[in-house]
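A.B. asks: Contents of my_file01.tsv (TSV, C-alpha atoms) are below:
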```
chain	number	residue	atom	x	y	z
A	1	MET	CA	170.23	97.06	54.35
A	2	GLU	CA	170.67	100.83	54.43
A	3	ASP	CA	166.99	101.31	53.59
A	4	SER	CA	165.81	99.11	56.40
A	5	ARG	CA	168.06	100.94	58.85
A	6	ALA	CA	166.67	104.30	57.73
A	7	ALA	CA	163.15	102.95	58.03
A	8	ARG	CA	163.90	101.77	61.56
A	9	VAL	CA	165.19	105.22	62.47
A	10	VAL	CA	162.05	106.84	61.08
A	11	GLN	CA	159.88	104.30	62.92
A	12	ALA	CA	161.71	105.11	66.14
A	13	VAL	CA	161.17	108.82	65.64
A	14	LEU	CA	157.49	108.28	64.88
A	15	ARG	CA	157.15	106.67	68.29
A	16	CYS	CA	157.91	110.10	69.78
A	17	TYR	CA	154.49	111.29	68.66
A	18	PRO	CA	151.53	110.95	71.04
A	19	THR	CA	149.52	107.74	70.73
A	20	ARG	CA	146.50	109.59	69.42
A	21	TRP	CA	148.56	111.06	66.59
A	22	ARG	CA	150.14	107.68	65.77
A	23	ARG	CA	146.76	105.99	65.61
A	24	ARG	CA	145.63	108.56	63.12
A	25	HIS	CA	148.69	109.32	61.00
A	26	GLY	CA	151.24	106.62	61.92
A	27	ASP	CA	150.78	104.25	58.98
A	28	GLU	CA	150.52	107.01	56.45
A	29	ALA	CA	153.55	108.81	57.89
A	30	ALA	CA	155.67	105.67	57.61
A	31	GLU	CA	154.56	105.13	54.02
A	32	LEU	CA	155.19	108.77	53.20
A	33	ALA	CA	158.72	108.47	54.58
A	34	THR	CA	159.35	105.43	52.35
A	35	LEU	CA	158.08	107.26	49.28
A	36	LEU	CA	160.18	110.34	50.04
A	37	MET	CA	163.30	108.22	50.56
A	38	ARG	CA	162.63	106.51	47.24
A	39	ASP	CA	162.51	109.97	45.64
A	40	GLY	CA	165.96	110.76	47.01
A	41	THR	CA	165.19	112.62	50.23
A	42	SER	CA	167.69	111.68	52.90
A	43	ALA	CA	166.45	109.58	55.79
A	44	GLY	CA	168.14	112.00	58.19
A	45	SER	CA	166.14	115.01	57.05
A	46	ILE	CA	162.89	113.02	57.16
A	47	ALA	CA	163.67	111.78	60.66
A	48	TRP	CA	164.60	115.29	61.77
A	49	SER	CA	161.37	116.73	60.35
A	50	TYR	CA	159.32	114.11	62.19
A	51	LEU	CA	161.29	114.70	65.37
A	52	VAL	CA	160.64	118.45	65.30
A	53	GLY	CA	156.97	117.75	64.47
A	54	ALA	CA	156.71	115.35	67.42
A	55	MET	CA	158.20	117.92	69.79
A	56	ARG	CA	155.78	120.56	68.55
A	57	GLU	CA	152.88	118.16	68.89
A	58	ARG	CA	153.81	117.36	72.47
A	59	LEU	CA	154.62	120.92	73.51
A	60	THR	CA	151.62	122.68	71.97
A	61	PRO	CA	149.23	123.49	74.84
A	62	ARG	CA	145.59	122.68	74.21
A	63	PRO	CA	142.71	123.18	76.64
A	64	SER	CA	141.68	119.54	76.56
A	65	ARG	CA	145.22	118.41	77.33
A	66	LEU	CA	145.58	120.90	80.17
A	67	LEU	CA	142.32	119.77	81.73
A	68	GLY	CA	143.35	116.14	81.34
A	69	ALA	CA	146.71	116.79	82.94
A	70	MET	CA	145.10	118.68	85.83
A	71	ALA	CA	142.56	115.92	86.39
A	72	ALA	CA	145.29	113.29	86.31
A	73	ALA	CA	147.42	115.26	88.77
A	74	ALA	CA	144.46	115.73	91.10
A	75	GLN	CA	143.58	112.06	90.91
A	76	GLU	CA	147.17	111.14	91.59
A	77	TRP	CA	147.33	113.39	94.61
A	78	VAL	CA	143.95	112.52	96.06
A	79	ALA	CA	144.60	108.79	95.84
A	80	ALA	CA	145.46	107.64	99.32
A	81	ARG	CA	149.06	106.49	99.66
A	82	PRO	CA	150.71	104.62	102.49
A	83	GLY	CA	152.74	107.69	103.43
A	84	ARG	CA	149.80	110.07	103.41
A	85	ARG	CA	147.11	110.06	106.05
A	86	LEU	CA	143.49	109.97	104.92
A	87	SER	CA	142.70	112.95	107.14
A	88	THR	CA	145.16	115.10	105.15
A	89	VAL	CA	143.39	114.20	101.93
A	90	ALA	CA	139.98	114.85	103.48
A	91	ALA	CA	141.12	118.22	104.86
A	92	THR	CA	142.44	119.28	101.47
A	93	VAL	CA	139.23	118.29	99.72
A	94	LEU	CA	137.26	120.17	102.38
A	95	ALA	CA	139.42	123.26	101.92
A	96	ALA	CA	138.93	123.12	98.16
A	97	VAL	CA	135.16	122.84	98.59
A	98	CYS	CA	135.17	125.77	101.02
A	99	LEU	CA	137.18	127.89	98.61
A	100	LEU	CA	134.71	127.07	95.86
A	101	GLY	CA	131.86	128.01	98.21
A	102	VAL	CA	133.46	131.34	99.08
A	103	SER	CA	134.00	132.09	95.39
A	104	ALA	CA	130.39	131.24	94.62
A	105	GLY	CA	129.23	133.42	97.50
A	106	MET	CA	131.28	136.35	96.26
A	107	LEU	CA	129.84	135.92	92.80
A	108	ALA	CA	126.32	135.83	94.21
A	109	SER	CA	126.86	138.96	96.28
A	110	ALA	CA	128.19	140.74	93.21
A	111	GLY	CA	124.92	139.98	91.43
A	112	PRO	CA	122.82	142.87	92.82
A	113	ALA	CA	125.63	145.32	92.15
A	114	ARG	CA	125.72	144.25	88.55
A	115	ALA	CA	121.95	144.47	88.32
A	116	ALA	CA	122.06	147.93	89.86
A	117	SER	CA	124.58	149.29	87.42
A	118	THR	CA	122.72	147.82	84.46
A	119	SER	CA	119.27	149.00	85.39
A	120	GLN	CA	120.53	152.37	86.51
A	121	ALA	CA	121.97	152.96	83.10
A	122	ARG	CA	118.69	151.88	81.60
A	123	GLY	CA	116.85	154.25	83.89
A	124	HIS	CA	118.96	157.17	82.75
A	125	GLY	CA	118.39	156.24	79.16
A	126	SER	CA	114.65	156.03	79.45
A	127	VAL	CA	114.39	159.35	81.24
A	128	ALA	CA	116.52	161.10	78.73
A	129	SER	CA	114.73	159.66	75.77
A	130	THR	CA	111.12	159.91	76.88
A	131	SER	CA	110.74	162.98	79.02
A	132	GLN	CA	113.24	165.56	77.97
A	133	ALA	CA	110.73	167.74	76.15
A	134	ALA	CA	107.93	167.63	78.72
A	135	ASP	CA	109.60	167.93	82.12
A	136	PRO	CA	111.52	170.70	83.82
A	137	PRO	CA	115.26	170.20	84.27
A	138	GLY	CA	114.94	169.62	88.00
A	139	VAL	CA	112.84	166.54	87.47
A	140	HIS	CA	115.38	165.13	85.11
A	141	GLY	CA	118.08	165.64	87.65
A	142	ALA	CA	116.17	163.81	90.34
A	143	ALA	CA	115.29	160.94	88.09
A	144	GLY	CA	118.88	160.64	86.95
A	145	VAL	CA	120.20	160.39	90.48
A	146	HIS	CA	117.63	157.84	91.51
A	147	GLY	CA	118.20	155.83	88.43
A	148	ALA	CA	115.07	153.87	89.18
A	149	ALA	CA	112.46	156.48	88.55
A	150	GLY	CA	112.93	156.34	84.82
A	151	VAL	CA	112.44	152.61	84.82
A	152	HIS	CA	109.02	152.99	86.32
A	153	GLY	CA	108.27	155.34	83.48
A	154	ALA	CA	106.67	157.87	85.80
A	155	ALA	CA	109.35	160.52	85.91
A	156	GLY	CA	108.84	161.65	82.37
A	157	VAL	CA	105.09	162.00	82.70
A	158	HIS	CA	104.37	163.07	86.24
A	159	GLY	CA	107.61	164.51	87.44
A	160	ALA	CA	109.25	163.61	90.76
A	161	ALA	CA	106.02	163.46	92.72
A	162	GLY	CA	104.55	161.10	90.19
A	163	VAL	CA	107.41	158.71	90.72
A	164	HIS	CA	106.81	158.43	94.41
A	165	GLY	CA	103.10	158.02	93.90
A	166	ALA	CA	103.55	155.26	91.44
A	167	ALA	CA	106.04	153.50	93.62
A	168	GLU	CA	103.92	153.65	96.74
A	169	GLU	CA	100.88	152.44	94.88
A	170	ARG	CA	102.82	149.31	94.13
A	171	GLY	CA	103.70	148.85	97.75
A	172	HIS	CA	107.38	149.84	97.51
A	173	SER	CA	108.89	152.72	99.40
A	174	GLN	CA	111.51	154.23	97.17
A	175	CYS	CA	112.34	157.38	99.07
A	176	ARG	CA	113.33	156.94	102.67
A	177	SER	CA	115.09	159.21	105.05
A	178	GLY	CA	118.28	158.19	106.72
A	179	ALA	CA	121.23	156.16	105.63
A	180	PRO	CA	121.03	154.05	102.50
A	181	GLU	CA	119.92	150.50	103.05
A	182	LEU	CA	121.74	147.49	101.81
A	183	VAL	CA	120.39	145.42	99.00
A	184	PRO	CA	118.47	142.60	100.65
A	185	GLY	CA	119.60	139.81	98.39
A	186	VAL	CA	119.93	138.40	94.93
A	187	LEU	CA	116.32	137.50	94.26
A	188	PRO	CA	114.67	140.87	94.87
A	189	ALA	CA	117.38	142.59	92.86
A	190	VAL	CA	116.79	140.26	89.97
A	191	GLY	CA	113.03	140.35	90.23
A	192	ARG	CA	112.58	144.09	90.72
A	193	PRO	CA	115.87	145.81	90.14
A	194	GLN	CA	114.44	149.31	89.90
A	195	VAL	CA	112.89	149.22	93.40
A	196	ILE	CA	115.97	147.92	95.11
A	197	ILE	CA	118.20	150.36	93.36
A	198	GLY	CA	116.02	153.23	94.43
A	199	VAL	CA	116.53	152.30	98.06
A	200	VAL	CA	120.27	151.97	97.77
A	201	GLY	CA	121.12	154.84	95.47
A	202	HIS	CA	118.89	157.45	97.02
A	203	GLY	CA	118.81	157.22	100.78
A	204	GLN	CA	117.41	160.69	101.42
A	205	SER	CA	113.96	162.07	101.96
A	206	CYS	CA	112.47	163.82	99.00
B	1	MET	CA	140.81	133.15	69.59
B	2	ALA	CA	143.00	130.42	71.16
B	3	GLU	CA	143.00	128.42	67.99
B	4	GLY	CA	139.29	127.69	67.72
B	5	ARG	CA	137.38	127.12	64.56
B	6	TRP	CA	137.46	129.78	61.87
B	7	ASP	CA	134.56	132.19	62.23
B	8	ASP	CA	133.31	134.00	59.19
B	9	ARG	CA	134.13	137.55	60.16
B	10	ALA	CA	134.21	139.66	57.04
B	11	GLY	CA	137.70	140.48	55.91
B	12	HIS	CA	139.42	138.70	58.82
B	13	ASP	CA	142.64	137.19	57.51
B	14	VAL	CA	142.95	134.13	59.70
B	15	LEU	CA	145.77	132.70	57.57
B	16	ARG	CA	148.11	135.54	58.50
B	17	ARG	CA	149.13	133.65	61.62
B	18	VAL	CA	149.08	130.03	60.53
B	19	GLY	CA	152.36	130.01	58.64
B	20	GLU	CA	153.51	129.57	55.09
B	21	ALA	CA	153.13	125.78	55.06
B	22	SER	CA	149.43	126.00	55.89
B	23	VAL	CA	148.82	128.57	53.17
B	24	LEU	CA	150.67	126.45	50.62
B	25	ILE	CA	148.63	123.41	51.62
B	26	LEU	CA	145.39	125.32	51.18
B	27	ILE	CA	146.52	126.58	47.78
B	28	SER	CA	147.43	123.04	46.78
B	29	LEU	CA	144.06	121.70	47.94
B	30	ALA	CA	142.18	124.47	46.12
B	31	ASP	CA	141.99	122.45	42.90
B	32	GLY	CA	140.95	119.17	44.51
B	33	PRO	CA	141.58	116.68	47.35
B	34	LYS	CA	145.11	115.34	47.87
B	35	HIS	CA	146.92	113.08	50.34
B	36	GLY	CA	150.23	113.85	52.06
B	37	TYR	CA	152.65	112.66	49.40
B	38	ALA	CA	150.70	114.37	46.59
B	39	LEU	CA	150.65	117.57	48.63
B	40	ILE	CA	154.43	117.54	49.10
B	41	GLN	CA	154.99	116.91	45.38
B	42	ASP	CA	152.49	119.59	44.33
B	43	ILE	CA	153.91	122.22	46.67
B	44	LYS	CA	157.41	121.47	45.42
B	45	GLU	CA	156.25	122.08	41.84
B	46	LEU	CA	154.07	125.04	42.73
B	47	ALA	CA	156.32	127.06	45.00
B	48	ASP	CA	159.67	125.28	44.91
B	49	VAL	CA	159.30	124.59	48.62
B	50	GLU	CA	160.20	121.19	50.04
B	51	LEU	CA	157.78	120.61	52.86
B	52	GLY	CA	159.07	118.22	55.52
B	53	PRO	CA	156.65	115.45	56.51
B	54	GLY	CA	156.60	116.60	60.14
B	55	THR	CA	155.73	120.13	59.07
B	56	LEU	CA	153.07	118.78	56.73
B	57	TYR	CA	151.20	116.82	59.40
B	58	GLY	CA	151.44	119.67	61.90
B	59	ALA	CA	149.93	122.06	59.38
B	60	LEU	CA	147.23	119.56	58.35
B	61	ASP	CA	146.18	119.08	61.97
B	62	ARG	CA	146.08	122.82	62.58
B	63	LEU	CA	144.03	123.50	59.44
B	64	GLU	CA	141.63	120.70	60.36
B	65	ARG	CA	141.17	122.09	63.87
B	66	LEU	CA	140.38	125.47	62.33
B	67	GLY	CA	137.79	123.83	60.08
B	68	LEU	CA	139.59	124.97	56.94
B	69	ILE	CA	140.16	121.45	55.59
B	70	GLU	CA	138.53	118.08	56.24
B	71	PRO	CA	139.74	114.51	55.88
B	72	LEU	CA	138.15	112.15	53.40
B	73	PRO	CA	137.86	108.39	53.93
B	74	ALA	CA	141.27	106.71	53.81
B	75	ALA	CA	142.35	104.74	50.76
B	76	ASN	CA	145.39	102.41	51.03
B	77	ARG	CA	146.52	103.93	54.32
B	78	ARG	CA	146.49	107.38	52.70
B	79	HIS	CA	144.19	110.05	54.06
B	80	PRO	CA	143.18	112.56	51.41
B	81	TYR	CA	142.14	116.02	52.56
B	82	ARG	CA	139.93	118.56	50.90
B	83	ILE	CA	139.45	122.26	51.42
B	84	THR	CA	136.19	123.31	53.09
B	85	VAL	CA	133.98	126.24	52.13
B	86	PRO	CA	135.32	128.38	55.03
B	87	GLY	CA	138.81	127.28	54.00
B	88	ALA	CA	138.28	128.55	50.47
B	89	ALA	CA	136.87	131.82	51.81
B	90	ALA	CA	139.82	132.25	54.17
B	91	LEU	CA	142.25	131.55	51.34
B	92	ARG	CA	140.54	134.17	49.15
B	93	VAL	CA	140.77	136.77	51.92
B	94	HIS	CA	144.44	135.96	52.49
B	95	LEU	CA	145.36	136.05	48.80
B	96	ASP	CA	143.57	139.39	48.42
B	97	SER	CA	145.56	140.75	51.33
B	98	VAL	CA	148.84	139.44	49.91
B	99	GLU	CA	147.98	140.94	46.52
B	100	ARG	CA	147.34	144.35	48.06
B	101	VAL	CA	150.62	144.29	49.94
B	102	SER	CA	152.43	143.05	46.86
B	103	ALA	CA	150.97	145.82	44.68
B	104	ALA	CA	151.90	148.46	47.25
B	105	GLY	CA	155.43	147.06	47.41
B	106	ARG	CA	155.84	147.17	43.62
B	107	LEU	CA	154.51	150.72	43.52
B	108	ARG	CA	156.97	151.85	46.16
B	109	LEU	CA	159.82	150.20	44.33
B	110	GLN	CA	158.83	152.15	41.22
B	111	LEU	CA	158.56	155.42	43.12
B	112	GLY	CA	161.75	154.93	45.04
B	113	ASP	CA	164.87	155.53	43.05
B	114	ILE	CA	166.83	152.47	44.06
```
Could you write out this file's structure as structure tokens?

C.D. replies:
Amino acid sequence: MEDSRAARVVQAVLRCYPTRWRRRHGDEAAELATLLMRDGTSAGSIAWSYLVGAMRERLTPRPSRLLGAMAAAAQEWVAARPGRRLSTVAATVLAAVCLLGVSAGMLASAGPARAASTSQARGHGSVASTSQAADPPGVHGAAGVHGAAGVHGAAGVHGAAGVHGAAEERGHSQCRSGAPELVPGVLPAVGRPQVIIGVVGHGQSC
Amino acid sequence: MAEGRWDDRAGHDVLRRVGEASVLILISLADGPKHGYALIQDIKELADVELGPGTLYGALDRLERLGLIEPLPAANRRHPYRITVPGAAALRVHLDSVERVSAAGRLRLQLGDI
């Protein structure tokens, strides 16, 4: 009689676990409790251990659970209810889409800046490593400021004039007078980062 | 890592943060697969620690998520578990670390005049 009551208590506590856990461990956990009680472990301590385990299992945050909960909450909210007008739901969805669009746009506009900083560093590196012995210090300085000259590989060999020549031969104008120009867009910066960077970082006549 | 799988970084003691129960389970599984009841009995003999069943399943789930143990096909409602190769490596790293700390502690006790 006492055993069956203890077993019922343990069974009740096991129901506190999530369904997924019970499907996996439920039978074994019940059998384990029976075996432990037969060995002399009190039903109370077994039930308490399972209860604490169930609380931990439910309270431990996991990414999959968080995503599931967020999706469920969103679904719950978006579902049209008698008290909520459809236009409110539509406006909220539209606002969310717009926010996503703005975020994507900001990410895209940050692309050329990232490309610039990366290739500029590379430009410095290549100048320093390839042309330090051959060129005068002034050429190094110019190439370092431009950042792009070293990428073309001309600064180390021909000096500053060689850079411009090489660039113009390829149809790009690196050195322009006047204010610096903005980066035209993502694609040119990705395709030819060194040219675009030269326009932005320099901005003075040579 | 937010409890991902164990990655084999040299000398990284992943078991430092998983708790005593998990370490004891790994030590118990080091000599062969065992199911829950056998694990509790073995750990009681081995370390004089009575592992509660709730603690046991929590630790088993955590170790499995980390890839340190794996379940074997169930037999009579009992799910045996066995230690994996990364699990054995992680246990070795942890035991080495514990040994070093233990040796340093003994040395200091000898040097100190208490």

A.B. asks: Between B:Ile43, B:Ala74, B:Leu26, B:Ala21, which residue has the minimum interatomic distance to B:Arg92, considering all atoms listed in the file?

C.D. replies: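 The shortest atom-to-atom distance to B:Arg92 comes from B:Leu26.
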
A.B. asks: Would you kindly return, as a short mmCIF file (atom, residue, chain, number, x, y, z; two decimals) with C-alpha atoms, in the frame of the given file, each protein, DNA or RNA residue with an atom no farther than 12 Å from any atom of B:Pro53, considering all atoms listed in the file and excluding same-chain residues fewer than 4 positions away?

C.D. replies:
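Saved result, around.cif, follows:
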```cif
data_model
loop_
_atom_site.label_atom_id
_atom_site.label_comp_id
_atom_site.auth_asym_id
_atom_site.auth_seq_id
_atom_site.Cartn_x
_atom_site.Cartn_y
_atom_site.Cartn_z
CA VAL A 10 162.05 106.84 61.08
CA LEU A 14 157.49 108.28 64.88
CA HIS A 25 148.69 109.32 61.00
CA GLY A 26 151.24 106.62 61.92
CA GLU A 28 150.52 107.01 56.45
CA ALA A 29 153.55 108.81 57.89
CA ALA A 30 155.67 105.67 57.61
CA GLU A 31 154.56 105.13 54.02
CA LEU A 32 155.19 108.77 53.20
CA ALA A 33 158.72 108.47 54.58
CA THR A 34 159.35 105.43 52.35
CA LEU A 35 158.08 107.26 49.28
CA LEU A 36 160.18 110.34 50.04
CA MET A 37 163.30 108.22 50.56
CA THR A 41 165.19 112.62 50.23
CA ALA A 43 166.45 109.58 55.79
CA SER A 45 166.14 115.01 57.05
CA ILE A 46 162.89 113.02 57.16
CA ALA A 47 163.67 111.78 60.66
CA TRP A 48 164.60 115.29 61.77
CA SER A 49 161.37 116.73 60.35
CA TYR A 50 159.32 114.11 62.19
CA LEU A 51 161.29 114.70 65.37
CA VAL A 52 160.64 118.45 65.30
CA GLY A 53 156.97 117.75 64.47
CA ALA A 54 156.71 115.35 67.42
CA ALA B 21 153.13 125.78 55.06
CA HIS B 35 146.92 113.08 50.34
CA GLY B 36 150.23 113.85 52.06
CA TYR B 37 152.65 112.66 49.40
CA ALA B 38 150.70 114.37 46.59
CA LEU B 39 150.65 117.57 48.63
CA ILE B 40 154.43 117.54 49.10
CA GLN B 41 154.99 116.91 45.38
CA TYR B 57 151.20 116.82 59.40
CA GLY B 58 151.44 119.67 61.90
CA ALA B 59 149.93 122.06 59.38
CA LEU B 60 147.23 119.56 58.35
#
```

A.B. asks: Just checking: using all atoms listed in the file, which residue out of B:Arg108, B:His79, B:Arg16, B:Lys44 ends up closest to chain A?

C.D. replies: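 Nearest candidate to chain A out of B:Arg108, B:His79, B:Arg16, B:Lys44: B:His79.
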
A.B. asks: Using only C-alpha atoms, pick whichever of B:Asp42, B:Arg65, B:Ile25, B:Arg77 has the shortest atom-to-atom distance to chain A.

C.D. replies: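 Going through B:Asp42, B:Arg65, B:Ile25, B:Arg77 one by one, the smallest distance to chain A is for B:Arg77.
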
A.B. asks: For a quick check of understanding, using only C-alpha atoms, which of A:Arg5, A:Arg24, A:Ala12, A:Thr19 has the smallest distance to chain B?

C.D. replies: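 For chain B, the nearest of the given residues is A:Arg24.
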
A.B. asks: Figure out the distance between atom CA of A:Gln11 and atom CA of B:Val18, please, to one decimal in Å.

C.D. replies: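 Interatomic distance, atom CA of B:Val18 to atom CA of A:Gln11: 28.0 Å.
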
A.B. asks: Within 12 Å of (147.6, 123.6, 63.8), in the coordinates the file gives, what residues turn up when you count all atoms listed in the file, written out as a ChimeraX atom specification?

C.D. replies: /A:53,56-57,60-62 /B:2-5,15,17-19,21-23,54-69

A.B. asks: Okay, now the selection with C-alpha atoms, as a JSON list (two decimals), in the frame of the given file?

C.D. replies:
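Saved as result-v2.json:
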```
[["chain", "number", "residue", "atom", "x", "y", "z"],
["A", 53, "GLY", "CA", 156.97, 117.75, 64.47],
["A", 56, "ARG", "CA", 155.78, 120.56, 68.55],
["A", 57, "GLU", "CA", 152.88, 118.16, 68.89],
["A", 60, "THR", "CA", 151.62, 122.68, 71.97],
["A", 61, "PRO", "CA", 149.23, 123.49, 74.84],
["A", 62, "ARG", "CA", 145.59, 122.68, 74.21],
["B", 2, "ALA", "CA", 143.00, 130.42, 71.16],
["B", 3, "GLU", "CA", 143.00, 128.42, 67.99],
["B", 4, "GLY", "CA", 139.29, 127.69, 67.72],
["B", 5, "ARG", "CA", 137.38, 127.12, 64.56],
["B", 15, "LEU", "CA", 145.77, 132.70, 57.57],
["B", 17, "ARG", "CA", 149.13, 133.65, 61.62],
["B", 18, "VAL", "CA", 149.08, 130.03, 60.53],
["B", 19, "GLY", "CA", 152.36, 130.01, 58.64],
["B", 21, "ALA", "CA", 153.13, 125.78, 55.06],
["B", 22, "SER", "CA", 149.43, 126.00, 55.89],
["B", 23, "VAL", "CA", 148.82, 128.57, 53.17],
["B", 54, "GLY", "CA", 156.60, 116.60, 60.14],
["B", 55, "THR", "CA", 155.73, 120.13, 59.07],
["B", 56, "LEU", "CA", 153.07, 118.78, 56.73],
["B", 57, "TYR", "CA", 151.20, 116.82, 59.40],
["B", 58, "GLY", "CA", 151.44, 119.67, 61.90],
["B", 59, "ALA", "CA", 149.93, 122.06, 59.38],
["B", 60, "LEU", "CA", 147.23, 119.56, 58.35],
["B", 61, "ASP", "CA", 146.18, 119.08, 61.97],
["B", 62, "ARG", "CA", 146.08, 122.82, 62.58],
["B", 63, "LEU", "CA", 144.03, 123.50, 59.44],
["B", 64, "GLU", "CA", 141.63, 120.70, 60.36],
["B", 65, "ARG", "CA", 141.17, 122.09, 63.87],
["B", 66, "LEU", "CA", 140.38, 125.47, 62.33],
["B", 67, "GLY", "CA", 137.79, 123.83, 60.08],
["B", 68, "LEU", "CA", 139.59, 124.97, 56.94],
["B", 69, "ILE", "CA", 140.16, 121.45, 55.59]]
```

A.B. asks: Just how far from atom CA of A:Trp21 is atom CA of B:Glu70, in Å to one decimal?

C.D. replies: 16.0 Å

A.B. asks: Just how far from atom CA of B:Arg106 is atom CA of B:Val93, in Å to one decimal?

C.D. replies: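 Separating atom CA of B:Val93 from atom CA of B:Arg106 is a distance of 20.1 Å.
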
A.B. asks: Considering all atoms listed in the file, can you say which of B:Leu72, B:Ile83, B:Leu109, B:Leu46 comes closest to B:Leu24?

C.D. replies: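 Counting all atoms listed in the file, the residue closest to B:Leu24 is B:Leu46.
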
A.B. asks: For a quick check of understanding, using only C-alpha atoms, which of A:Asp27, A:Val13, A:Ala7, A:Pro18 has the smallest distance to chain B?

C.D. replies: A:Asp27

A.B. asks: Using only C-alpha atoms, what residues lie at most 12 Å away from (142.5, 135.4, 46.5) (file coordinates), given as a list in words?

C.D. replies: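 Collected hits near the coordinates: Gly11, Asp13, Leu15, Val23, Leu26, Ile27, Ala30, Gly87, Ala88, Ala89, Ala90, Leu91, Arg92, Val93, His94, Leu95, Asp96, Ser97, Val98, Glu99 and Arg100 of chain B.
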
A.B. asks: Please produce a file of the residues just selected, as a compact mmCIF listing (two decimals), in the frame of the given file, where the atoms kept are C-alpha atoms.

C.D. replies:
```
# COMPACT_ATOMS: atom_id res chain seq x y z
CA GLY B 11 137.70 140.48 55.91
CA ASP B 13 142.64 137.19 57.51
CA LEU B 15 145.77 132.70 57.57
CA VAL B 23 148.82 128.57 53.17
CA LEU B 26 145.39 125.32 51.18
CA ILE B 27 146.52 126.58 47.78
CA ALA B 30 142.18 124.47 46.12
CA GLY B 87 138.81 127.28 54.00
CA ALA B 88 138.28 128.55 50.47
CA ALA B 89 136.87 131.82 51.81
CA ALA B 90 139.82 132.25 54.17
CA LEU B 91 142.25 131.55 51.34
CA ARG B 92 140.54 134.17 49.15
CA VAL B 93 140.77 136.77 51.92
CA HIS B 94 144.44 135.96 52.49
CA LEU B 95 145.36 136.05 48.80
CA ASP B 96 143.57 139.39 48.42
CA SER B 97 145.56 140.75 51.33
CA VAL B 98 148.84 139.44 49.91
CA GLU B 99 147.98 140.94 46.52
CA ARG B 100 147.34 144.35 48.06
```
